[in-house]
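One file, final.txt, is given below (compact mmCIF, C-alpha atoms and all ligand atoms).
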```txt
# COMPACT_ATOMS: atom_id res chain seq x y z
CA MET A 1 -2.07 -29.47 -0.45
CA GLN A 2 0.12 -26.36 -0.31
CA ASN A 3 0.85 -24.33 2.80
CA ILE A 4 0.33 -20.57 2.87
CA ALA A 5 0.92 -18.08 5.70
CA ILE A 6 -0.20 -14.57 6.53
CA LEU A 7 1.30 -11.88 8.75
CA CYS A 8 0.52 -8.27 9.68
CA SER A 9 3.33 -5.74 9.86
CA GLY A 10 3.65 -2.09 10.92
CA GLY A 11 0.77 -0.05 12.29
CA ASP A 12 -2.35 -2.18 12.64
CA VAL A 13 -5.58 -1.12 10.92
CA SER A 14 -9.24 -1.92 11.28
CA GLY A 15 -9.78 -4.34 8.45
CA MET A 16 -6.94 -6.71 9.30
CA ASN A 17 -9.24 -9.02 11.24
CA PRO A 18 -11.80 -9.28 8.41
CA ALA A 19 -8.84 -10.00 6.12
CA LEU A 20 -7.62 -12.80 8.41
CA LYS A 21 -11.11 -14.30 8.47
CA HIS A 22 -11.39 -14.35 4.71
CA PHE A 23 -7.81 -15.61 4.39
CA VAL A 24 -8.67 -18.72 6.37
CA GLU A 25 -11.97 -19.30 4.59
CA TYR A 26 -10.64 -18.70 1.08
CA THR A 27 -7.48 -20.79 1.48
CA LEU A 28 -9.48 -23.71 2.88
CA GLN A 29 -11.94 -23.43 -0.03
CA HIS A 30 -8.94 -23.75 -2.34
CA ARG A 31 -7.56 -26.76 -0.49
CA LEU A 32 -4.59 -24.78 0.84
CA ILE A 33 -3.43 -25.07 4.44
CA PRO A 34 -3.50 -21.65 6.19
CA TYR A 35 -0.95 -20.59 8.78
CA PHE A 36 -0.84 -17.50 10.99
CA ILE A 37 2.46 -15.80 11.73
CA TYR A 38 2.07 -13.92 15.01
CA ASP A 39 3.63 -10.48 15.64
CA GLY A 40 4.77 -9.70 12.11
CA TYR A 41 8.31 -10.38 10.89
CA GLU A 42 9.41 -10.58 14.53
CA GLY A 43 7.22 -13.65 14.94
CA LEU A 44 8.49 -15.04 11.64
CA ILE A 45 12.03 -14.84 13.01
CA ASP A 46 11.00 -16.18 16.42
CA ASN A 47 9.02 -19.04 14.86
CA LYS A 48 5.62 -17.95 16.14
CA ILE A 49 3.85 -19.72 13.28
CA GLU A 50 0.72 -21.77 13.81
CA ARG A 51 -1.75 -23.59 11.66
CA ALA A 52 -5.05 -21.69 11.46
CA SER A 53 -8.62 -22.95 11.34
CA TYR A 54 -12.15 -21.60 11.18
CA CYS A 55 -12.26 -21.49 15.00
CA ASP A 56 -9.41 -18.96 15.06
CA VAL A 57 -11.36 -16.43 13.04
CA SER A 58 -14.86 -16.77 14.39
CA GLY A 59 -16.16 -13.58 15.98
CA ILE A 60 -13.37 -11.31 14.75
CA ILE A 61 -14.91 -9.64 11.70
CA ASN A 62 -16.25 -6.78 13.82
CA ARG A 63 -13.03 -6.21 15.76
CA GLY A 64 -10.38 -3.58 15.06
CA GLY A 65 -6.68 -4.37 15.42
CA THR A 66 -5.34 -7.74 14.43
CA LYS A 67 -5.85 -11.02 16.21
CA ILE A 68 -2.36 -12.22 15.18
CA GLY A 69 -0.55 -9.09 16.34
CA SER A 70 1.73 -6.78 14.43
CA ALA A 71 5.20 -5.33 14.91
CA ARG A 72 7.77 -3.07 13.32
CA SER A 73 10.81 -5.28 12.79
CA LYS A 74 14.32 -3.96 12.43
CA ARG A 75 15.76 -7.46 12.56
CA PHE A 76 14.09 -8.51 9.29
CA MET A 77 16.28 -5.96 7.48
CA GLN A 78 19.31 -8.10 8.38
CA LYS A 79 20.19 -11.17 6.33
CA LYS A 80 21.02 -13.37 9.32
CA TYR A 81 17.46 -12.97 10.63
CA ARG A 82 15.90 -13.41 7.20
CA ASP A 83 17.82 -16.69 6.98
CA ILE A 84 16.23 -17.81 10.25
CA ALA A 85 12.82 -16.73 8.90
CA LYS A 86 13.37 -18.84 5.79
CA GLN A 87 14.37 -21.88 7.90
CA ASN A 88 11.19 -21.48 9.97
CA LEU A 89 9.02 -21.40 6.86
CA ASP A 90 10.90 -24.32 5.30
CA ALA A 91 10.37 -26.42 8.42
CA LEU A 92 6.61 -26.08 7.87
CA ASN A 93 6.88 -26.33 4.09
CA ILE A 94 5.33 -22.87 3.66
CA LYS A 95 6.06 -21.54 0.19
CA MET A 96 3.59 -18.64 -0.04
CA LEU A 97 3.20 -15.56 2.10
CA VAL A 98 0.55 -12.83 2.34
CA VAL A 99 1.73 -9.67 4.08
CA LEU A 100 -0.55 -6.89 5.29
CA GLY A 101 1.26 -3.63 5.98
CA GLY A 102 2.64 -0.31 4.81
CA ASP A 103 5.44 0.31 2.32
CA GLY A 104 8.05 0.14 5.09
CA SER A 105 6.89 -3.44 5.65
CA PHE A 106 7.24 -4.25 1.96
CA LYS A 107 10.85 -3.17 1.62
CA GLY A 108 12.47 -6.33 3.02
CA LEU A 109 10.10 -8.63 1.18
CA ASP A 110 11.63 -8.37 -2.26
CA ILE A 111 15.08 -9.22 -0.92
CA PHE A 112 13.54 -12.07 1.05
CA TYR A 113 11.95 -13.48 -2.12
CA LYS A 114 15.26 -13.33 -3.99
CA GLU A 115 17.09 -15.07 -1.15
CA SER A 116 14.45 -17.63 -0.25
CA GLY A 117 12.14 -18.17 -3.24
CA ILE A 118 9.16 -17.75 -0.88
CA LYS A 119 6.40 -16.27 -3.07
CA PHE A 120 4.50 -13.36 -1.64
CA CYS A 121 1.63 -10.99 -2.26
CA ALA A 122 1.61 -7.79 -0.21
CA ILE A 123 -1.63 -6.04 0.70
CA PRO A 124 -1.51 -2.27 1.34
CA ALA A 125 -2.77 -1.70 4.87
CA THR A 126 -2.20 1.62 6.62
CA ILE A 127 -4.49 4.38 7.82
CA ASP A 128 -2.07 6.91 6.27
CA ASN A 129 -3.08 6.06 2.66
CA ASP A 130 0.49 6.91 1.70
CA ILE A 131 1.45 3.89 -0.39
CA ASN A 132 2.51 4.77 -3.91
CA GLY A 133 0.68 2.87 -6.67
CA THR A 134 -2.56 2.18 -4.81
CA ASP A 135 -5.46 4.59 -4.43
CA TYR A 136 -6.65 2.80 -1.33
CA SER A 137 -5.03 1.08 1.61
CA LEU A 138 -6.98 -1.09 4.00
CA GLY A 139 -8.11 0.72 7.15
CA VAL A 140 -8.40 4.23 5.73
CA ASP A 141 -12.20 4.30 5.65
CA THR A 142 -12.54 3.17 9.26
CA ALA A 143 -9.96 5.74 10.37
CA LEU A 144 -11.85 8.48 8.51
CA ASN A 145 -15.07 7.45 10.18
CA ILE A 146 -13.47 7.49 13.63
CA ILE A 147 -12.11 10.96 12.89
CA LYS A 148 -15.55 12.06 11.70
CA ILE A 149 -17.17 10.93 14.95
CA SER A 150 -14.45 12.68 16.97
CA ILE A 151 -14.75 15.98 15.09
CA ASP A 152 -18.54 15.93 15.36
CA ALA A 153 -18.24 15.45 19.12
CA ILE A 154 -15.61 18.18 19.50
CA ARG A 155 -17.83 20.55 17.50
CA ASP A 156 -20.51 20.26 20.22
CA THR A 157 -18.19 21.43 22.96
CA ALA A 158 -16.38 23.98 20.75
CA SER A 159 -19.66 25.72 19.98
CA SER A 160 -20.80 25.69 23.61
CA PHE A 161 -17.72 27.54 24.82
CA LYS A 162 -16.80 29.80 21.90
CA ARG A 163 -13.49 28.07 21.41
CA ALA A 164 -11.10 27.19 18.64
CA PHE A 165 -10.15 23.52 18.50
CA VAL A 166 -7.03 22.33 16.75
CA ILE A 167 -7.56 18.68 15.94
CA GLU A 168 -4.47 16.72 14.97
CA THR A 169 -4.81 13.69 12.77
CA MET A 170 -2.25 10.95 12.07
CA GLY A 171 -0.79 10.21 8.65
CA ARG A 172 2.96 10.66 9.10
CA ASP A 173 4.05 12.84 6.16
CA CYS A 174 0.78 12.38 4.31
CA GLY A 175 -2.12 14.78 4.81
CA TYR A 176 -4.80 12.54 3.29
CA LEU A 177 -6.71 11.86 6.53
CA ALA A 178 -6.66 15.55 7.47
CA LEU A 179 -7.72 16.77 4.03
CA VAL A 180 -10.60 14.34 3.56
CA SER A 181 -11.76 14.99 7.14
CA HIS A 182 -11.65 18.74 6.51
CA LEU A 183 -13.66 18.50 3.30
CA THR A 184 -16.28 16.30 4.92
CA SER A 185 -16.60 17.95 8.32
CA GLY A 186 -16.95 21.60 7.38
CA SER A 187 -13.92 22.71 9.37
CA GLU A 188 -12.59 26.23 8.93
CA LEU A 189 -8.92 25.46 8.50
CA CYS A 190 -6.87 22.52 7.24
CA LEU A 191 -3.08 22.33 7.31
CA ILE A 192 -1.25 19.47 5.62
CA PRO A 193 2.37 18.86 4.63
CA GLU A 194 1.51 18.79 0.91
CA LYS A 195 0.43 22.43 0.80
CA GLU A 196 2.37 25.52 1.80
CA TYR A 197 0.44 27.74 4.16
CA ASN A 198 0.70 31.09 5.81
CA LEU A 199 -1.46 31.55 8.89
CA GLU A 200 -1.47 35.32 8.42
CA SER A 201 -3.47 34.90 5.23
CA TYR A 202 -6.45 33.63 7.28
CA GLU A 203 -6.35 36.36 9.92
CA ALA A 204 -8.50 39.07 8.37
CA SER A 205 -11.21 36.70 7.19
CA PHE A 206 -11.40 34.86 10.54
CA LYS A 207 -11.62 38.18 12.44
CA GLU A 208 -14.42 39.26 10.14
CA GLN A 209 -16.24 35.99 10.78
CA ILE A 210 -15.98 36.49 14.56
CA LYS A 211 -17.36 40.02 14.13
CA ASN A 212 -20.26 38.54 12.17
CA GLY A 213 -21.12 36.10 14.94
CA ARG A 214 -18.94 33.02 14.48
CA ARG A 215 -18.69 31.29 17.86
CA TYR A 216 -16.04 28.68 17.22
CA PHE A 217 -13.40 27.38 14.83
CA ILE A 218 -12.35 23.87 13.99
CA ALA A 219 -8.86 23.48 12.53
CA ILE A 220 -7.73 20.08 11.29
CA VAL A 221 -3.99 19.67 11.09
CA SER A 222 -1.96 16.72 9.97
CA GLU A 223 0.80 15.43 12.25
CA GLY A 224 3.37 15.99 9.47
CA ILE A 225 3.13 19.81 9.25
CA LYS A 226 6.08 21.95 10.23
CA GLU A 227 4.47 23.44 13.33
CA ASP A 228 3.28 21.81 16.49
CA SER A 229 -0.50 21.75 17.00
CA THR A 230 -0.04 23.83 20.16
CA GLU A 231 1.58 26.59 18.09
CA ILE A 232 -1.51 26.68 15.86
CA ALA A 233 -3.70 26.93 18.97
CA GLN A 234 -1.51 29.77 20.28
CA TRP A 235 -2.00 31.57 16.96
CA PHE A 236 -5.78 31.44 17.47
CA GLU A 237 -5.38 32.83 20.99
CA LYS A 238 -2.88 35.57 20.16
CA LYS A 239 -4.11 36.74 16.78
CA LEU A 240 -7.84 36.11 17.03
CA GLY A 241 -8.34 36.40 20.76
CA ILE A 242 -10.30 33.18 20.98
CA GLU A 243 -9.70 30.60 23.67
CA SER A 244 -8.18 27.49 22.11
CA ARG A 245 -7.63 23.83 22.81
CA VAL A 246 -5.67 21.09 21.13
CA SER A 247 -7.05 17.63 20.59
CA ILE A 248 -4.57 15.06 19.33
CA LEU A 249 -6.66 12.15 18.14
CA GLY A 250 -3.68 9.77 18.20
CA HIS A 251 -4.13 6.01 18.19
CA ILE A 252 -7.88 6.21 18.56
CA GLN A 253 -7.77 6.59 14.76
CA ARG A 254 -6.28 3.12 14.35
CA GLY A 255 -9.00 1.27 16.19
CA GLY A 256 -12.71 0.71 16.08
CA ASN A 257 -15.26 -1.48 14.40
CA PRO A 258 -14.21 -1.95 10.74
CA THR A 259 -16.59 -0.18 8.35
CA ILE A 260 -18.49 -2.06 5.65
CA TYR A 261 -16.12 -0.59 3.09
CA ASP A 262 -13.05 -1.91 4.90
CA ARG A 263 -14.65 -5.33 5.40
CA LEU A 264 -15.41 -5.53 1.69
CA MET A 265 -11.96 -4.27 0.70
CA ALA A 266 -10.38 -6.80 3.06
CA TYR A 267 -12.37 -9.52 1.31
CA LYS A 268 -11.31 -8.32 -2.14
CA PHE A 269 -7.64 -7.72 -1.30
CA ILE A 270 -7.33 -11.23 0.16
CA THR A 271 -9.14 -12.83 -2.79
CA TYR A 272 -6.86 -11.13 -5.31
CA ALA A 273 -3.75 -11.85 -3.27
CA ILE A 274 -4.42 -15.58 -3.07
CA ASP A 275 -5.63 -15.79 -6.68
CA GLY A 276 -2.41 -14.07 -7.76
CA LEU A 277 -0.22 -16.49 -5.82
CA LEU A 278 -2.11 -19.46 -7.27
CA LYS A 279 -1.57 -18.02 -10.76
CA ASN A 280 2.17 -17.86 -10.04
CA ILE A 281 2.36 -14.10 -9.71
CA ASP A 282 5.25 -14.61 -7.34
CA GLU A 283 6.27 -11.23 -5.95
CA SER A 284 3.64 -8.53 -6.06
CA VAL A 285 1.67 -5.89 -4.25
CA ILE A 286 -2.04 -5.99 -4.95
CA CYS A 287 -3.01 -2.38 -5.61
CA TYR A 288 -6.42 -0.79 -5.96
CA THR A 289 -6.52 1.68 -8.86
CA LYS A 290 -9.00 3.34 -11.18
CA LYS A 291 -8.62 0.25 -13.37
CA GLY A 292 -9.55 -2.01 -10.47
CA PHE A 293 -7.14 -4.39 -8.73
CA VAL A 294 -3.70 -4.53 -10.33
CA TYR A 295 -0.59 -6.53 -9.36
CA LYS A 296 2.45 -4.26 -9.13
CA SER A 297 6.06 -4.94 -8.28
CA ILE A 298 7.48 -3.91 -4.92
CA GLN A 299 10.01 -1.74 -6.77
CA GLU A 300 7.22 0.18 -8.50
CA VAL A 301 5.48 0.75 -5.20
CA VAL A 302 8.40 1.65 -2.95
CA SER A 303 10.60 3.50 -5.45
CA SER A 304 8.90 6.85 -5.00
CA PRO A 305 6.74 8.44 -2.33
CA LYS A 306 3.02 8.66 -3.01
CA LYS A 307 1.80 11.97 -4.38
CA MET A 308 -1.54 13.26 -3.19
CA ASP A 309 -4.23 13.09 -5.89
CA PRO A 310 -4.03 16.58 -7.47
CA ASN A 311 -7.82 16.76 -7.91
CA LEU A 312 -8.31 16.19 -4.21
CA LEU A 313 -5.54 18.61 -3.30
CA SER A 314 -7.05 21.30 -5.52
CA LEU A 315 -10.17 21.25 -3.32
CA LEU A 316 -8.22 22.73 -0.40
O1 LIG A 401 1.59 4.40 9.95
C1 LIG A 401 0.49 4.43 10.77
C2 LIG A 401 0.69 5.37 11.92
O2 LIG A 401 -0.46 5.33 12.72
C3 LIG A 401 1.04 6.81 11.54
O3 LIG A 401 -0.09 7.56 11.16
C4 LIG A 401 1.68 7.30 12.80
O4 LIG A 401 2.57 8.36 12.53
C5 LIG A 401 2.41 6.09 13.30
O5 LIG A 401 1.78 4.95 12.70
C6 LIG A 401 2.40 5.90 14.77
O6 LIG A 401 3.21 4.81 15.07
P1 LIG A 401 3.23 4.05 16.46
O7 LIG A 401 1.96 3.26 16.58
O8 LIG A 401 4.41 3.16 16.37
O9 LIG A 401 3.30 5.09 17.51
```

In C-alpha cells, how does this file's structure come out?
Amino acid sequence: MQNIAILCSGGDVSGMNPALKHFVEYTLQHRLIPYFIYDGYEGLIDNKIERASYCDVSGIINRGGTKIGSARSKRFMQKKYRDIAKQNLDALNIKMLVVLGGDGSFKGLDIFYKESGIKFCAIPATIDNDINGTDYSLGVDTALNIIKISIDAIRDTASSFKRAFVIETMGRDCGYLALVSHLTSGSELCLIPEKEYNLESYEASFKEQIKNGRRYFIAIVSEGIKEDSTEIAQWFEKKLGIESRVSILGHIQRGGNPTIYDRLMAYKFITYAIDGLLKNIDESVICYTKKGFVYKSIQEVVSSPKKMDPNLLSLL
C-alpha cells in the first residue's frame, strides 16, 4: 500500500470539494492510502497532515470552498521550510502529492520534487482561467455562473432606475471571466486588460442609444484594467448624463454550489492525476486541451503567461 496526499493552494474554487471526494474514493479503489494536507503548503510545513477516509468527504460534493483549507504560502519558497515539508511527508511515508491550485502554487513544486523526490501531479484550479497550457481550470464554470446570476439580478434594478452599472469581475490580469460574462449576458460594454480601449469611441453610439430609448447600461470590467471601476462609472455620469453605480462582485465569485461541469471536471482531473502518478509520470500538470487531458511539465506551464484564445478575443 502506498501513501498519497492532496492539498489545495492559492485562491479556493468551487470544485475543490468534489475533487477531494473523488480523491479519497479513487485512491481507496486503487489500494492507496489517502492523506489530507490542511491549509496548503503552510499546513505541509506545519505538519497538518491527516489520514482521510470516506467519512471525511461525505456531504461535501455540493459545497464550494475546500474542506481542507487553502493558503498562499511564502514560506514554501524557502528551502529551509521545504526541508521541513519533506521531513513531514517522510515521517508518514508519503511519496506522492496531488496539488490543486494556480500557477503561483506550482512554482515551488518543481524545486521540491528535485530536492525531495516526492512525485506530484498538479491540477489547475483557479477562477481566473489564466494558467498557460490548459484551456480550463477547475472552478471557472461555477464562477461564470455566479457572475451570470449577479448580472441578471443587477439588470433588474438597473432597468428600473435608468442607471448605468459598472460590474467588476475578478481575474487578476486575465479578462476571461469578464469577456465570457459580457458575451453571454448581453452587456453594452466590456473592458479587459487584453484589449486596448478608448471610452470616447463609445460616446456617440451610447448617446444615440439613450436618445432612442435605452434606459440602462451594463458595463462589465475586469479587475486588471488600467482604470478603477469608479472612474468608468464617473465617465457614464459625466459624458452620458446617466446616474451610475459600481458593483464589485469580489469573493462572491469564488463561492457557491459547484456546477455539474465543475463536478465532472473535478472527477476527471483527479482520475488523470492519480493515473499519471501510478504510471510514474512523476512531475506534471494535468492540462485540459483540445486534444483532451495532457500531462505537461511545470516549466512548460509556468514559463510564459497564458494568452487569451484569439478566437474568443476577436468576439469583443
Ligand atoms: O486568483 C484568484 C483570485 O480570486 C483573483 O481573481 C483575485 O485577484 C485574487 O484571487 C484575490 O485574492 P485574495 O482572495 O487573496 O484576496

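Our summary of the geometry notes that CA of Tyr202 (chain A) is positioned 8.6 Å from CA of Leu189 (chain A).
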
I'd like the neighbourhood of Phe161 (chain A) as a VMD selection string, where a residue qualifies if any of its atoms comes within 9 Å (using all atoms listed in the file), though same-chain residues fewer than 3 positions away should be ignored. chain A and resid 157 to 158 215 to 216 243

Residues near Tyr176 (chain A), anyone? I mean within 7 Å using all atoms listed in the file, not counting same-chain ones fewer than 3 positions away, as a PyMOL selection string. chain A and resi 128-129+179-180

Per-residue nearest contacts of chain A to ligand LIG 401 (chain A) (7 Å; all atoms listed in the file) as CSV:
```
residue,atom,partner,partner_atom,distance
A:Gly10,CA,A:LIG401,O1,6.9
A:Gly11,CA,A:LIG401,C1,4.7
A:Thr126,CA,A:LIG401,C1,5.7
A:Ile127,CA,A:LIG401,C1,5.8
A:Asp128,CA,A:LIG401,O3,5.3
A:Met170,CA,A:LIG401,O3,4.1
A:Gly171,CA,A:LIG401,O3,3.7
A:Arg172,CA,A:LIG401,O4,4.1
A:His251,CA,A:LIG401,O2,6.6
A:Arg254,CA,A:LIG401,O2,6.4
```

Of the listed residues A:Ile154, A:Ala233, A:Leu240, A:Ile225, that which approaches Glu203 (chain A) most closely, counting only C-alpha atoms: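 Looking only at the distances to Glu203 (chain A), the closest residue turns out to be A:Leu240.
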
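One distance worth recording is that between CA of Asn132 (chain A) and CA of Pro305 (chain A), which is 5.8 Å.
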
Do a neighbour search on Glu223 (chain A) at 12 Å with all atoms listed in the file, toss out local chain neighbours closer than 4 positions, and write the hits as a JSON list (two decimals) with C-alpha atoms, keeping the file's coordinate frame.
```json
[["chain", "number", "residue", "atom", "x", "y", "z"],
["A", 128, "ASP", "CA", -2.07, 6.91, 6.27],
["A", 166, "VAL", "CA", -7.03, 22.33, 16.75],
["A", 167, "ILE", "CA", -7.56, 18.68, 15.94],
["A", 168, "GLU", "CA", -4.47, 16.72, 14.97],
["A", 169, "THR", "CA", -4.81, 13.69, 12.77],
["A", 170, "MET", "CA", -2.25, 10.95, 12.07],
["A", 171, "GLY", "CA", -0.79, 10.21, 8.65],
["A", 172, "ARG", "CA", 2.96, 10.66, 9.10],
["A", 173, "ASP", "CA", 4.05, 12.84, 6.16],
["A", 174, "CYS", "CA", 0.78, 12.38, 4.31],
["A", 175, "GLY", "CA", -2.12, 14.78, 4.81],
["A", 176, "TYR", "CA", -4.80, 12.54, 3.29],
["A", 177, "LEU", "CA", -6.71, 11.86, 6.53],
["A", 178, "ALA", "CA", -6.66, 15.55, 7.47],
["A", 179, "LEU", "CA", -7.72, 16.77, 4.03],
["A", 190, "CYS", "CA", -6.87, 22.52, 7.24],
["A", 191, "LEU", "CA", -3.08, 22.33, 7.31],
["A", 192, "ILE", "CA", -1.25, 19.47, 5.62],
["A", 193, "PRO", "CA", 2.37, 18.86, 4.63],
["A", 194, "GLU", "CA", 1.51, 18.79, 0.91],
["A", 227, "GLU", "CA", 4.47, 23.44, 13.33],
["A", 228, "ASP", "CA", 3.28, 21.81, 16.49],
["A", 229, "SER", "CA", -0.50, 21.75, 17.00],
["A", 230, "THR", "CA", -0.04, 23.83, 20.16],
["A", 247, "SER", "CA", -7.05, 17.63, 20.59],
["A", 248, "ILE", "CA", -4.57, 15.06, 19.33],
["A", 249, "LEU", "CA", -6.66, 12.15, 18.14],
["A", 250, "GLY", "CA", -3.68, 9.77, 18.20]]
```

Add whatever atoms are absent from region 191-213 of chain A to reach N, CA, C and O atoms, and provide the output as a tab-separated table (two decimals), in the coordinates of the input.
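Generated file (selection_23.tsv):
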```tsv
chain	number	residue	atom	x	y	z
A	191	LEU	N	-4.50	22.17	7.61
A	191	LEU	CA	-3.08	22.33	7.31
A	191	LEU	C	-2.47	20.94	7.11
A	191	LEU	O	-2.59	20.07	7.98
A	192	ILE	N	-1.85	20.77	5.94
A	192	ILE	CA	-1.25	19.47	5.62
A	192	ILE	C	0.15	19.69	5.04
A	192	ILE	O	0.43	20.78	4.51
A	193	PRO	N	1.00	18.66	5.12
A	193	PRO	CA	2.37	18.86	4.63
A	193	PRO	C	2.44	19.13	3.13
A	193	PRO	O	3.40	19.74	2.67
A	194	GLU	N	1.45	18.67	2.37
A	194	GLU	CA	1.51	18.79	0.91
A	194	GLU	C	1.24	20.20	0.41
A	194	GLU	O	1.45	20.48	-0.77
A	195	LYS	N	0.76	21.08	1.27
A	195	LYS	CA	0.43	22.43	0.80
A	195	LYS	C	1.04	23.49	1.70
A	195	LYS	O	0.83	23.48	2.92
A	196	GLU	N	1.79	24.38	1.06
A	196	GLU	CA	2.37	25.52	1.80
A	196	GLU	C	1.24	26.33	2.41
A	196	GLU	O	0.17	26.47	1.79
A	197	TYR	N	1.48	26.89	3.58
A	197	TYR	CA	0.44	27.74	4.16
A	197	TYR	C	1.08	28.90	4.91
A	197	TYR	O	2.24	28.84	5.30
A	198	ASN	N	0.27	29.93	5.06
A	198	ASN	CA	0.70	31.09	5.81
A	198	ASN	C	-0.48	31.49	6.69
A	198	ASN	O	-1.51	31.95	6.19
A	199	LEU	N	-0.33	31.30	8.00
A	199	LEU	CA	-1.46	31.55	8.89
A	199	LEU	C	-1.98	32.98	8.78
A	199	LEU	O	-3.18	33.23	8.88
A	200	GLU	N	-1.06	33.89	8.52
A	200	GLU	CA	-1.47	35.32	8.42
A	200	GLU	C	-2.57	35.53	7.37
A	200	GLU	O	-3.42	36.40	7.52
A	201	SER	N	-2.52	34.71	6.33
A	201	SER	CA	-3.47	34.90	5.23
A	201	SER	C	-4.92	34.63	5.66
A	201	SER	O	-5.86	34.99	4.98
A	202	TYR	N	-5.09	33.94	6.81
A	202	TYR	CA	-6.45	33.63	7.28
A	202	TYR	C	-6.97	34.68	8.26
A	202	TYR	O	-8.16	34.72	8.58
A	203	GLU	N	-6.04	35.51	8.77
A	203	GLU	CA	-6.35	36.36	9.92
A	203	GLU	C	-7.53	37.31	9.69
A	203	GLU	O	-8.51	37.29	10.46
A	204	ALA	N	-7.46	38.06	8.60
A	204	ALA	CA	-8.50	39.07	8.37
A	204	ALA	C	-9.86	38.42	8.21
A	204	ALA	O	-10.87	38.86	8.82
A	205	SER	N	-9.92	37.36	7.44
A	205	SER	CA	-11.21	36.70	7.19
A	205	SER	C	-11.78	36.09	8.48
A	205	SER	O	-12.97	36.21	8.77
A	206	PHE	N	-10.92	35.46	9.30
A	206	PHE	CA	-11.40	34.86	10.54
A	206	PHE	C	-11.91	35.94	11.51
A	206	PHE	O	-12.92	35.76	12.20
A	207	LYS	N	-11.20	37.08	11.54
A	207	LYS	CA	-11.62	38.18	12.44
A	207	LYS	C	-13.00	38.68	12.01
A	207	LYS	O	-13.88	38.95	12.83
A	208	GLU	N	-13.15	38.81	10.71
A	208	GLU	CA	-14.42	39.26	10.14
A	208	GLU	C	-15.55	38.30	10.53
A	208	GLU	O	-16.65	38.70	10.92
A	209	GLN	N	-15.23	37.00	10.44
A	209	GLN	CA	-16.24	35.99	10.78
A	209	GLN	C	-16.65	36.10	12.25
A	209	GLN	O	-17.83	35.95	12.59
A	210	ILE	N	-15.66	36.34	13.13
A	210	ILE	CA	-15.98	36.49	14.56
A	210	ILE	C	-16.90	37.70	14.75
A	210	ILE	O	-17.89	37.65	15.48
A	211	LYS	N	-16.53	38.79	14.04
A	211	LYS	CA	-17.36	40.02	14.13
A	211	LYS	C	-18.80	39.74	13.69
A	211	LYS	O	-19.76	40.27	14.24
A	212	ASN	N	-18.92	38.85	12.69
A	212	ASN	CA	-20.26	38.54	12.17
A	212	ASN	C	-20.97	37.44	12.95
A	212	ASN	O	-22.00	36.93	12.50
A	213	GLY	N	-20.39	37.02	14.07
A	213	GLY	CA	-21.12	36.10	14.94
A	213	GLY	C	-20.58	34.68	15.01
A	213	GLY	O	-21.18	33.83	15.69
```
